[in-house]
Structure formats: C-alpha cells, structure tokens
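What follows is the content of final21.cif (mmCIF, C-alpha atoms).
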data_work
loop_
_atom_site.label_atom_id
_atom_site.label_comp_id
_atom_site.auth_asym_id
_atom_site.auth_seq_id
_atom_site.Cartn_x
_atom_site.Cartn_y
_atom_site.Cartn_z
CA MET B 524 -23.69 221.62 122.24
CA TYR B 525 -26.12 218.93 121.16
CA ALA B 526 -29.35 219.94 119.42
CA GLU B 527 -31.48 218.86 122.41
CA GLU B 528 -29.41 221.00 124.80
CA ARG B 529 -29.60 223.97 122.47
CA GLN B 530 -33.35 223.62 122.10
CA ARG B 531 -33.79 223.56 125.87
CA ALA B 532 -31.72 226.73 126.10
CA ILE B 533 -33.79 228.37 123.35
CA LEU B 534 -37.03 227.45 125.13
CA LYS B 535 -35.72 228.83 128.42
CA GLN B 536 -34.80 232.11 126.73
CA ALA B 537 -38.21 232.30 125.02
CA ARG B 538 -40.00 231.86 128.33
CA GLN B 539 -37.82 234.43 130.08
CA ASN B 540 -38.08 237.07 127.35
CA GLY B 541 -41.52 236.34 125.94
CA ARG B 542 -40.14 235.57 122.47
CA VAL B 543 -36.97 234.77 120.52
CA ASP B 544 -35.82 235.79 117.06
CA VAL B 545 -33.80 233.81 114.57
CA ALA B 546 -31.00 236.32 113.99
CA THR B 547 -30.24 236.81 117.69
CA LEU B 548 -30.23 233.06 118.35
CA ALA B 549 -27.96 232.38 115.40
CA ALA B 550 -25.43 234.92 116.70
CA ALA B 551 -25.68 233.73 120.31
CA PHE B 552 -25.14 230.05 119.51
CA GLU B 553 -22.82 230.68 116.54
CA ILE B 554 -24.95 228.60 114.21
CA THR B 555 -26.71 229.26 110.93
CA SER B 556 -30.20 230.71 110.66
CA GLU B 557 -31.30 227.46 109.01
CA THR B 558 -30.22 225.50 112.10
CA VAL B 559 -32.15 227.90 114.34
CA ARG B 560 -35.25 227.45 112.21
CA ARG B 561 -34.94 223.67 112.49
CA ASP B 562 -34.67 224.02 116.27
CA LEU B 563 -37.76 226.22 116.40
CA THR B 564 -39.65 223.76 114.20
CA ALA B 565 -38.71 220.93 116.57
CA LEU B 566 -39.90 222.97 119.56
CA GLU B 567 -43.15 223.82 117.79
CA ARG B 568 -43.77 220.13 117.07
CA SER B 569 -43.28 219.47 120.79
CA GLY B 570 -46.05 221.98 121.46
CA VAL B 571 -43.99 224.41 123.55
CA VAL B 572 -43.58 227.35 121.11
CA ARG B 573 -45.50 228.83 118.21
CA ARG B 574 -43.52 229.97 115.18
CA VAL B 575 -44.04 233.60 114.15
CA HIS B 576 -42.38 235.72 111.49
CA GLY B 577 -38.69 235.94 112.35
CA GLY B 578 -38.81 233.83 115.50
CA ALA B 579 -41.08 232.11 117.99
CA ILE B 580 -43.27 232.77 121.06
CA PRO B 581 -43.78 230.33 123.96
CA VAL B 582 -47.32 228.97 123.95
CA GLU B 583 -47.89 230.27 127.48
CA ARG B 584 -47.75 233.84 126.13
CA LEU B 585 -50.44 233.02 123.59
CA GLY B 586 -52.92 231.87 126.21
CA ILE B 587 -52.78 228.33 124.83
CA GLU B 588 -53.21 225.61 127.42
CA GLN B 589 -51.29 222.53 126.43
CA GLY B 590 -52.61 219.01 126.82
CA LEU B 591 -51.11 216.50 129.24
CA ASP B 592 -48.88 214.78 126.69
CA ALA B 593 -47.25 218.02 125.57
CA ARG B 594 -46.69 219.22 129.15
CA ASP B 595 -45.41 215.86 130.28
CA ALA B 596 -42.68 215.96 127.64
CA VAL B 597 -40.97 219.12 128.93
CA MET B 598 -38.93 219.79 132.09
CA THR B 599 -38.94 216.05 132.74
CA ALA B 600 -35.74 215.93 134.81
CA GLU B 601 -36.86 218.90 136.91
CA LYS B 602 -40.29 217.40 137.51
CA ASP B 603 -38.75 214.09 138.55
CA ARG B 604 -36.52 215.82 141.13
CA ILE B 605 -39.47 217.83 142.47
CA ALA B 606 -41.56 214.67 142.85
CA VAL B 607 -38.78 212.88 144.77
CA ALA B 608 -38.49 215.85 147.15
CA ALA B 609 -42.28 215.97 147.57
CA LEU B 610 -42.29 212.34 148.64
CA GLU B 611 -40.67 213.43 151.92
CA GLN B 612 -43.71 215.62 152.62
CA ILE B 613 -46.13 212.66 152.59
CA PRO B 614 -47.09 211.62 156.13
CA ASP B 615 -46.57 208.06 157.35
CA GLY B 616 -50.33 207.67 157.61
CA GLY B 617 -53.40 209.84 157.30
CA SER B 618 -54.71 211.51 154.18
CA ILE B 619 -53.40 213.51 151.24
CA LEU B 620 -54.86 215.17 148.17
CA LEU B 621 -53.14 214.87 144.80
CA ASP B 622 -54.08 217.55 142.30
CA ALA B 623 -54.12 217.05 138.54
CA GLY B 624 -50.97 217.93 136.59
CA THR B 625 -47.84 216.29 135.25
CA THR B 626 -45.56 217.04 138.21
CA VAL B 627 -48.09 215.80 140.77
CA ALA B 628 -48.60 212.73 138.57
CA ARG B 629 -44.93 211.89 139.05
CA LEU B 630 -45.47 212.06 142.80
CA ALA B 631 -48.44 209.69 142.44
CA ASN B 632 -46.09 207.17 140.85
CA LEU B 633 -43.87 207.33 143.94
CA VAL B 634 -46.56 206.97 146.62
CA PRO B 635 -45.56 203.95 148.74
CA ALA B 636 -47.92 201.01 148.47
CA ASP B 637 -47.64 200.12 152.15
CA ARG B 638 -47.98 203.46 153.93
CA GLY B 639 -51.65 203.25 154.87
CA LEU B 640 -52.78 206.45 153.18
CA THR B 641 -56.13 207.78 152.10
CA VAL B 642 -55.56 209.58 148.81
CA VAL B 643 -58.11 212.01 147.41
CA THR B 644 -57.70 213.07 143.79
CA PRO B 645 -59.74 214.71 141.03
CA SER B 646 -57.24 213.32 138.49
CA LEU B 647 -58.17 210.26 136.44
CA PRO B 648 -54.50 209.43 135.60
CA ASN B 649 -53.60 209.59 139.30
CA ALA B 650 -56.51 207.31 140.11
CA PHE B 651 -55.35 204.72 137.57
CA THR B 652 -51.83 204.91 138.99
CA LEU B 653 -52.95 204.30 142.57
CA ALA B 654 -55.94 201.99 142.09
CA ASN B 655 -54.16 198.70 142.83
CA ARG B 656 -51.87 199.74 145.69
CA PRO B 657 -52.91 197.71 148.74
CA GLY B 658 -52.01 200.34 151.35
CA VAL B 659 -53.89 203.14 149.58
CA THR B 660 -57.55 203.96 150.12
CA LEU B 661 -58.39 205.86 146.96
CA MET B 662 -61.13 208.50 146.89
CA LEU B 663 -61.79 209.70 143.35
CA VAL B 664 -63.48 213.10 143.19
CA GLY B 665 -66.32 213.02 140.68
CA GLY B 666 -67.62 215.68 138.32
CA ARG B 667 -67.33 216.75 134.70
CA LEU B 668 -64.14 215.30 133.25
CA ARG B 669 -62.09 218.03 131.59
CA GLY B 670 -60.33 216.37 128.68
CA ARG B 671 -57.35 218.70 128.48
CA THR B 672 -56.22 217.87 132.02
CA MET B 673 -58.20 214.64 132.66
CA ALA B 674 -59.42 216.19 135.91
CA SER B 675 -62.87 216.40 137.50
CA VAL B 676 -64.28 219.92 137.69
CA ASP B 677 -67.52 221.82 138.32
CA GLY B 678 -70.18 221.42 141.00
CA TRP B 679 -69.91 217.71 141.81
CA ALA B 680 -66.20 218.05 142.45
CA LEU B 681 -66.73 221.10 144.65
CA ASP B 682 -69.45 219.33 146.67
CA ALA B 683 -67.12 216.40 147.37
CA LEU B 684 -64.21 218.60 148.46
CA LYS B 685 -66.41 220.84 150.61
CA ASP B 686 -66.75 218.08 153.21
CA THR B 687 -63.24 216.66 152.81
CA PHE B 688 -60.32 217.29 155.19
CA VAL B 689 -56.81 216.04 154.40
CA ASP B 690 -53.44 216.41 156.09
CA VAL B 691 -51.56 217.62 153.01
CA ALA B 692 -52.67 218.81 149.58
CA PHE B 693 -50.11 218.54 146.78
CA LEU B 694 -50.99 221.05 144.09
CA GLY B 695 -49.70 222.02 140.69
CA THR B 696 -50.06 225.39 139.04
CA ASN B 697 -49.64 226.97 135.62
CA GLY B 698 -48.36 230.21 137.07
CA LEU B 699 -47.05 231.66 140.32
CA SER B 700 -46.10 235.24 141.05
CA VAL B 701 -45.85 237.44 144.12
CA GLU B 702 -48.17 239.97 142.51
CA ARG B 703 -50.98 237.66 141.38
CA GLY B 704 -50.49 234.46 143.35
CA LEU B 705 -51.44 231.08 141.87
CA THR B 706 -53.10 231.04 138.47
CA THR B 707 -54.35 228.61 135.83
CA PRO B 708 -56.01 229.14 132.43
CA ASP B 709 -59.41 227.59 133.21
CA THR B 710 -61.93 228.93 135.71
CA ALA B 711 -63.49 225.51 136.44
CA GLU B 712 -60.05 224.08 137.17
CA ALA B 713 -59.32 227.09 139.39
CA MET B 714 -62.43 226.44 141.49
CA VAL B 715 -61.39 222.86 142.21
CA LYS B 716 -57.85 223.92 143.11
CA ARG B 717 -59.24 226.57 145.46
CA ALA B 718 -61.44 223.94 147.12
CA ALA B 719 -58.44 221.61 147.42
CA ILE B 720 -56.50 224.28 149.31
CA ALA B 721 -59.45 224.84 151.65
CA SER B 722 -59.66 221.11 152.37
CA ALA B 723 -56.06 220.77 153.58
CA ARG B 724 -54.17 221.48 156.78
CA ARG B 725 -51.02 222.07 154.71
CA THR B 726 -50.54 222.91 151.05
CA VAL B 727 -47.42 221.88 149.16
CA LEU B 728 -47.04 223.42 145.71
CA LEU B 729 -45.04 221.57 143.06
CA ALA B 730 -43.87 223.89 140.27
CA ASP B 731 -40.85 223.85 137.98
CA HIS B 732 -39.03 227.12 137.33
CA THR B 733 -40.92 227.91 134.10
CA LYS B 734 -44.07 228.52 136.19
CA ILE B 735 -42.42 231.05 138.52
CA GLY B 736 -43.16 234.61 137.47
CA ASP B 737 -45.82 233.54 134.97
CA ASP B 738 -49.51 234.51 135.22
CA HIS B 739 -52.65 233.02 133.71
CA PHE B 740 -56.32 233.94 133.48
CA ALA B 741 -57.87 232.46 136.62
CA ARG B 742 -56.51 233.00 140.14
CA PHE B 743 -57.08 230.22 142.66
CA GLY B 744 -54.96 231.31 145.60
CA GLY B 745 -52.28 233.57 147.00
CA LEU B 746 -48.85 232.83 148.40
CA CYS B 747 -50.47 233.03 151.83
CA ASP B 748 -52.26 229.77 150.95
CA VAL B 749 -48.98 227.90 150.32
CA ASP B 750 -46.97 226.38 153.13
CA THR B 751 -44.18 224.87 151.02
CA LEU B 752 -43.05 225.38 147.43
CA ILE B 753 -40.87 222.72 145.82
CA THR B 754 -39.17 223.91 142.66
CA ASP B 755 -35.95 223.38 140.72
CA SER B 756 -32.66 225.23 140.58
CA GLY B 757 -33.57 227.09 137.40
CA VAL B 758 -35.48 229.75 139.34
CA GLU B 759 -33.85 233.17 139.60
CA PRO B 760 -32.60 233.81 143.17
CA ARG B 761 -34.45 237.15 143.28
CA LYS B 762 -37.78 235.39 142.71
CA ILE B 763 -37.02 232.85 145.41
CA ASP B 764 -36.24 235.68 147.85
CA ASP B 765 -39.55 237.38 147.06
CA ILE B 766 -41.51 234.16 147.60
CA SER B 767 -39.69 233.39 150.85
CA ARG B 768 -40.42 236.86 152.19
CA ALA B 769 -44.10 236.14 151.61
CA GLY B 770 -43.85 233.39 154.23
CA VAL B 771 -43.49 230.34 151.97
CA LYS B 772 -40.90 227.67 152.74
CA VAL B 773 -39.01 227.06 149.49
CA ILE B 774 -37.27 223.76 148.72
CA ILE B 775 -34.98 223.87 145.68
CA VAL B 776 -33.91 220.65 144.00
#

Go ahead and render the structure in this file as structure tokens.
Amino acid sequence: MYAEERQRAILKQARQNGRVDVATLAAAFEITSETVRRDLTALERSGVVRRVHGGAIPVERLGIEQGLDARDAVMTAEKDRIAVAALEQIPDGGSILLDAGTTVARLANLVPADRGLTVVTPSLPNAFTLANRPGVTLMLVGGRLRGRTMASVDGWALDALKDTFVDVAFLGTNGLSVERGLTTPDTAEAMVKRAAIASARRTVLLADHTKIGDDHFARFGGLCDVDTLITDSGVEPRKIDDISRAGVKVIIV
C-alpha cells in the first residue's frame, strides 16, 4: 500500500471512530510506529487531523472549521463524481442556486456555457467561475463576505434570497444525520443556507460520505427539506437506508 492510500485509510478510520492511536494503526497496517507518526504528521499538515498524545483526532471533532483550501484538498475524487452526477439535475433552462462549498464549486465548473441559466450564488469563487459564460445570467448575492468560506452572509444576503425563487438549489453541508438534519459550524452561514432552501422548488444536497452521520453547531434544515442527496459509495448502507426512509432520494456515485 502506498503512503497516500494508507493515509486516506487512516483518515477514514479517524472520522469513523473519532480518533486513532499509533499502536493500533501500526498493528493494523503492519508498519512501524515511526511510519504511523509520519503519516499522522502528513495528515496534520493537510489540515484534516490534529495530533494528540498517542494518536490523532479529526479536526471535525474539535469543532475546527477548515478553510476552503484545506477542504478542497480532501475527498477530491469523490467530490468530482458527485459534481458530475449533480450536473444531470440542472434544468435545460430556468434558474438554479449554487451554495458555497468545495463540492458545489466543482459543479459550478461544469455548468454548461450555453444552457440559458440564471444562476444565483452567495459564493465569490462560484461567481468568478461563472462570470464569463455567455449563456449564464449571474446573480451574486451580496452581504458580509465570510473569509473562511468566501460566502456572503448576514442580513443583506437574507434580504436578497427572501424575494428569490429558483428551480433547483444545490447545497453543501458540513454534517448530515437523521437525528439532527443538516448542520454547519457557523450560525450566519446556516441562516443563508436556510434561506436558500426556502427559495427553491427542489433542493439537491451534495455531500461526500465523511459528512454523513456528522453533526455541527448550527442546524439549517431537516431531511424533509432535501429532495435528493448525491453522495459517494463510501457511505455505510445502514445510513443510506435511514436517509431513504426519511423520504430523500439518494444517488450514490
């Protein structure tokens, strides 16, 4: 197993169990403790775990919200597959909303230039991506720019979305669970996501498997607010069954 493959496996285990320890990893992968420590150091430099005595904890468990660059560097293959599947949910014409977030940003890259769409977004990166596409009418939601996500938040953003109606909203999330619904670390971000859901006829949630079963501070919706979830094959079948029973159409890629 290459180091990159092993590190992905270590990160997956950390997210599933809440933490990993050096001795257990060394035995499981049949490698030395020094090699495990190098792997954990590499993962910490990527911003996805925090080293603690004897092991590491995923940053999600520490309540640390990563910046865009750190989030964009993980689960890249899964996010790409999700974005390709989400492209099929874009109507031939009409209007869509693209939320902030690294998976939705990949969908923004794929939006056809000639489809005749109105695209509403609170995301500055999405706006830059779509600004010069001739078939796209771009509506950038204003407000306070939140540096960690490069998204507009607070009252101005809410005022704009209050009188906006789109065919489909494509949303990201930091966490999704049957018990607590859709969650994100920041309350201002949660308000804008909630307004985005209210502005749409249909809501399509884009979330890789690391988000499923995770919970964060601020709730912005329930599973009843989601029409379709697009996720990757790393999700446990039991969790998919629970989400489907809540009335959500699940697409696995």

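Nearest to Ala526 in chain B of all the residues B:Leu661, B:Ile775, B:Ala550, B:Ala565 is B:Ala565, based on all atoms listed in the file.
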
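Neighbourhood of point (-42.3, 234.2, 139.6): residues with an atom at most 10 Å away, counting only C-alpha atoms, are Gly698, Leu699, Ser700, Val701, Glu702, Arg703, Gly704, Leu705, His732, Thr733, Lys734, Ile735, Gly736, Asp737, Asp738, Val758, Glu759, Arg761, Lys762, Ile763, Asp765 and Ile766 of chain B.
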
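In this comparison, which uses all atoms listed in the file, the residue of B:Pro708, B:Gly678, B:Val773, B:Thr660 approaching Arg584 in chain B most closely is B:Pro708.
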
Give as a PyMOL selection string the residues that the PyMOL selection byres ((chain B and resi 769) around 10) matches when applied to the coordinates above. chain B and resi 701+745-747+749+763-768+770-772

If you count only C-alpha atoms, which residues fall within 12 Å of Asp755 in chain B, apart from same-chain ones fewer than 2 positions away, as a ChimeraX atom specification? /B:598-609,626,729-735,752-753,757-760,763,773-776

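Counting all atoms listed in the file, the residue from B:Asp682, B:Thr687, B:Leu653, B:His739 that sits nearest to Arg629 in chain B is B:Leu653.
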
Any chance you could resolve the PyMOL selection byres ((chain B and resi 538) around 12) against this file and give the residues as a VMD selection string? chain B and resid 531 to 537 539 to 543 571 to 573 579 to 585 732 to 737

Requested write-out: C-alpha atoms of the selected residues, as a PDB file, in the coordinates of the input:
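selection_16.pdb was written with the following content:
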ATOM      1  CA  ARG B 531     -33.790 223.560 125.870  1.00  0.00           C
ATOM      2  CA  ALA B 532     -31.720 226.730 126.100  1.00  0.00           C
ATOM      3  CA  ILE B 533     -33.790 228.370 123.350  1.00  0.00           C
ATOM      4  CA  LEU B 534     -37.030 227.450 125.130  1.00  0.00           C
ATOM      5  CA  LYS B 535     -35.720 228.830 128.420  1.00  0.00           C
ATOM      6  CA  GLN B 536     -34.800 232.110 126.730  1.00  0.00           C
ATOM      7  CA  ALA B 537     -38.210 232.300 125.020  1.00  0.00           C
ATOM      8  CA  GLN B 539     -37.820 234.430 130.080  1.00  0.00           C
ATOM      9  CA  ASN B 540     -38.080 237.070 127.350  1.00  0.00           C
ATOM     10  CA  GLY B 541     -41.520 236.340 125.940  1.00  0.00           C
ATOM     11  CA  ARG B 542     -40.140 235.570 122.470  1.00  0.00           C
ATOM     12  CA  VAL B 543     -36.970 234.770 120.520  1.00  0.00           C
ATOM     13  CA  VAL B 571     -43.990 224.410 123.550  1.00  0.00           C
ATOM     14  CA  VAL B 572     -43.580 227.350 121.110  1.00  0.00           C
ATOM     15  CA  ARG B 573     -45.500 228.830 118.210  1.00  0.00           C
ATOM     16  CA  ALA B 579     -41.080 232.110 117.990  1.00  0.00           C
ATOM     17  CA  ILE B 580     -43.270 232.770 121.060  1.00  0.00           C
ATOM     18  CA  PRO B 581     -43.780 230.330 123.960  1.00  0.00           C
ATOM     19  CA  VAL B 582     -47.320 228.970 123.950  1.00  0.00           C
ATOM     20  CA  GLU B 583     -47.890 230.270 127.480  1.00  0.00           C
ATOM     21  CA  ARG B 584     -47.750 233.840 126.130  1.00  0.00           C
ATOM     22  CA  LEU B 585     -50.440 233.020 123.590  1.00  0.00           C
ATOM     23  CA  HIS B 732     -39.030 227.120 137.330  1.00  0.00           C
ATOM     24  CA  THR B 733     -40.920 227.910 134.100  1.00  0.00           C
ATOM     25  CA  LYS B 734     -44.070 228.520 136.190  1.00  0.00           C
ATOM     26  CA  ILE B 735     -42.420 231.050 138.520  1.00  0.00           C
ATOM     27  CA  GLY B 736     -43.160 234.610 137.470  1.00  0.00           C
ATOM     28  CA  ASP B 737     -45.820 233.540 134.970  1.00  0.00           C
TER      29      ASP B 737
END

Do you know which residues are at most 9 Å from Phe693 in chain B counting all atoms listed in the file, after dropping those on the same chain fewer than 3 positions away, and could you put them as a PyMOL selection string? chain B and resi 609+619-622+627+630+719-720+725-729

Measuring between only C-alpha atoms, which one of B:Asn697, B:Ala718, B:Phe651, B:Leu640 shows the shortest distance to Ala680 in chain B? B:Ala718

re CA of Val664 in chain B and CA of Gly570 in chain B: distance 29.2 Å

Please compute the CA of Ala623 in chain B-CA of Ser646 in chain B distance, one decimal, in Å. 4.9 Å

Quick one: apply the PyMOL selection byres ((chain B and resi 679) around 12) to the file and drop the selected residues here as a ChimeraX atom specification. /B:645,663-668,675-678,680-686,711,714-715,718

Just the residues within 8 Å of Asp690 in chain B, please, counting all atoms listed in the file, with nothing from its chain fewer than 2 positions along; format it as a PyMOL selection string. chain B and resi 614+617-619+688+692+723-725

Output the selection as a CSV table (one decimal), in the frame of the given file - C-alpha atoms for each residue.
chain,number,residue,atom,x,y,z
B,614,PRO,CA,-47.1,211.6,156.1
B,617,GLY,CA,-53.4,209.8,157.3
B,618,SER,CA,-54.7,211.5,154.2
B,619,ILE,CA,-53.4,213.5,151.2
B,688,PHE,CA,-60.3,217.3,155.2
B,692,ALA,CA,-52.7,218.8,149.6
B,723,ALA,CA,-56.1,220.8,153.6
B,724,ARG,CA,-54.2,221.5,156.8
B,725,ARG,CA,-51.0,222.1,154.7

Complete the atoms of range 618-640 of chain B to N, CA and C atoms and put them out as a PDB file, in the frame of the given file.
ATOM      1  N   SER B 618     -54.070 211.256 155.469  1.00  0.00           N
ATOM      2  CA  SER B 618     -54.710 211.510 154.180  1.00  0.00           C
ATOM      3  C   SER B 618     -54.000 212.622 153.423  1.00  0.00           C
ATOM      4  N   ILE B 619     -53.982 212.483 152.115  1.00  0.00           N
ATOM      5  CA  ILE B 619     -53.400 213.510 151.240  1.00  0.00           C
ATOM      6  C   ILE B 619     -54.326 213.727 150.056  1.00  0.00           C
ATOM      7  N   LEU B 620     -54.154 214.874 149.416  1.00  0.00           N
ATOM      8  CA  LEU B 620     -54.860 215.170 148.170  1.00  0.00           C
ATOM      9  C   LEU B 620     -53.822 215.372 147.080  1.00  0.00           C
ATOM     10  N   LEU B 621     -54.020 214.719 145.952  1.00  0.00           N
ATOM     11  CA  LEU B 621     -53.140 214.870 144.800  1.00  0.00           C
ATOM     12  C   LEU B 621     -53.910 215.562 143.678  1.00  0.00           C
ATOM     13  N   ASP B 622     -53.489 216.750 143.353  1.00  0.00           N
ATOM     14  CA  ASP B 622     -54.080 217.550 142.300  1.00  0.00           C
ATOM     15  C   ASP B 622     -53.790 216.930 140.931  1.00  0.00           C
ATOM     16  N   ALA B 623     -54.451 217.430 139.909  1.00  0.00           N
ATOM     17  CA  ALA B 623     -54.120 217.050 138.540  1.00  0.00           C
ATOM     18  C   ALA B 623     -52.841 217.782 138.120  1.00  0.00           C
ATOM     19  N   GLY B 624     -52.179 217.284 137.098  1.00  0.00           N
ATOM     20  CA  GLY B 624     -50.970 217.930 136.590  1.00  0.00           C
ATOM     21  C   GLY B 624     -49.829 216.939 136.454  1.00  0.00           C
ATOM     22  N   THR B 625     -48.888 217.252 135.586  1.00  0.00           N
ATOM     23  CA  THR B 625     -47.840 216.290 135.250  1.00  0.00           C
ATOM     24  C   THR B 625     -46.796 216.127 136.354  1.00  0.00           C
ATOM     25  N   THR B 626     -46.527 217.179 137.120  1.00  0.00           N
ATOM     26  CA  THR B 626     -45.560 217.040 138.210  1.00  0.00           C
ATOM     27  C   THR B 626     -46.167 216.255 139.362  1.00  0.00           C
ATOM     28  N   VAL B 627     -47.405 216.552 139.711  1.00  0.00           N
ATOM     29  CA  VAL B 627     -48.090 215.800 140.770  1.00  0.00           C
ATOM     30  C   VAL B 627     -48.271 214.339 140.346  1.00  0.00           C
ATOM     31  N   ALA B 628     -48.474 214.101 139.064  1.00  0.00           N
ATOM     32  CA  ALA B 628     -48.600 212.730 138.570  1.00  0.00           C
ATOM     33  C   ALA B 628     -47.331 211.928 138.826  1.00  0.00           C
ATOM     34  N   ARG B 629     -46.196 212.579 138.736  1.00  0.00           N
ATOM     35  CA  ARG B 629     -44.930 211.890 139.050  1.00  0.00           C
ATOM     36  C   ARG B 629     -44.869 211.519 140.527  1.00  0.00           C
ATOM     37  N   LEU B 630     -45.398 212.390 141.371  1.00  0.00           N
ATOM     38  CA  LEU B 630     -45.470 212.060 142.800  1.00  0.00           C
ATOM     39  C   LEU B 630     -46.396 210.873 143.021  1.00  0.00           C
ATOM     40  N   ALA B 631     -47.512 210.820 142.307  1.00  0.00           N
ATOM     41  CA  ALA B 631     -48.440 209.690 142.440  1.00  0.00           C
ATOM     42  C   ALA B 631     -47.733 208.375 142.144  1.00  0.00           C
ATOM     43  N   ASN B 632     -46.838 208.384 141.174  1.00  0.00           N
ATOM     44  CA  ASN B 632     -46.090 207.170 140.850  1.00  0.00           C
ATOM     45  C   ASN B 632     -45.197 206.703 141.992  1.00  0.00           C
ATOM     46  N   LEU B 633     -44.805 207.647 142.860  1.00  0.00           N
ATOM     47  CA  LEU B 633     -43.870 207.330 143.940  1.00  0.00           C
ATOM     48  C   LEU B 633     -44.550 207.016 145.269  1.00  0.00           C
ATOM     49  N   VAL B 634     -45.857 207.205 145.356  1.00  0.00           N
ATOM     50  CA  VAL B 634     -46.560 206.970 146.620  1.00  0.00           C
ATOM     51  C   VAL B 634     -46.344 205.530 147.074  1.00  0.00           C
ATOM     52  N   PRO B 635     -45.818 205.318 148.274  1.00  0.00           N
ATOM     53  CA  PRO B 635     -45.560 203.950 148.740  1.00  0.00           C
ATOM     54  C   PRO B 635     -46.846 203.125 148.843  1.00  0.00           C
ATOM     55  N   ALA B 636     -46.739 201.872 148.466  1.00  0.00           N
ATOM     56  CA  ALA B 636     -47.920 201.010 148.470  1.00  0.00           C
ATOM     57  C   ALA B 636     -48.304 200.554 149.863  1.00  0.00           C
ATOM     58  N   ASP B 637     -47.396 200.693 150.827  1.00  0.00           N
ATOM     59  CA  ASP B 637     -47.640 200.120 152.150  1.00  0.00           C
ATOM     60  C   ASP B 637     -47.756 201.154 153.261  1.00  0.00           C
ATOM     61  N   ARG B 638     -48.017 202.425 152.912  1.00  0.00           N
ATOM     62  CA  ARG B 638     -47.980 203.460 153.930  1.00  0.00           C
ATOM     63  C   ARG B 638     -49.303 203.652 154.656  1.00  0.00           C
ATOM     64  N   GLY B 639     -50.367 203.095 154.196  1.00  0.00           N
ATOM     65  CA  GLY B 639     -51.650 203.250 154.870  1.00  0.00           C
ATOM     66  C   GLY B 639     -52.237 204.628 154.711  1.00  0.00           C
ATOM     67  N   LEU B 640     -52.300 205.100 153.473  1.00  0.00           N
ATOM     68  CA  LEU B 640     -52.780 206.450 153.180  1.00  0.00           C
ATOM     69  C   LEU B 640     -54.170 206.424 152.568  1.00  0.00           C
TER      70      LEU B 640
END
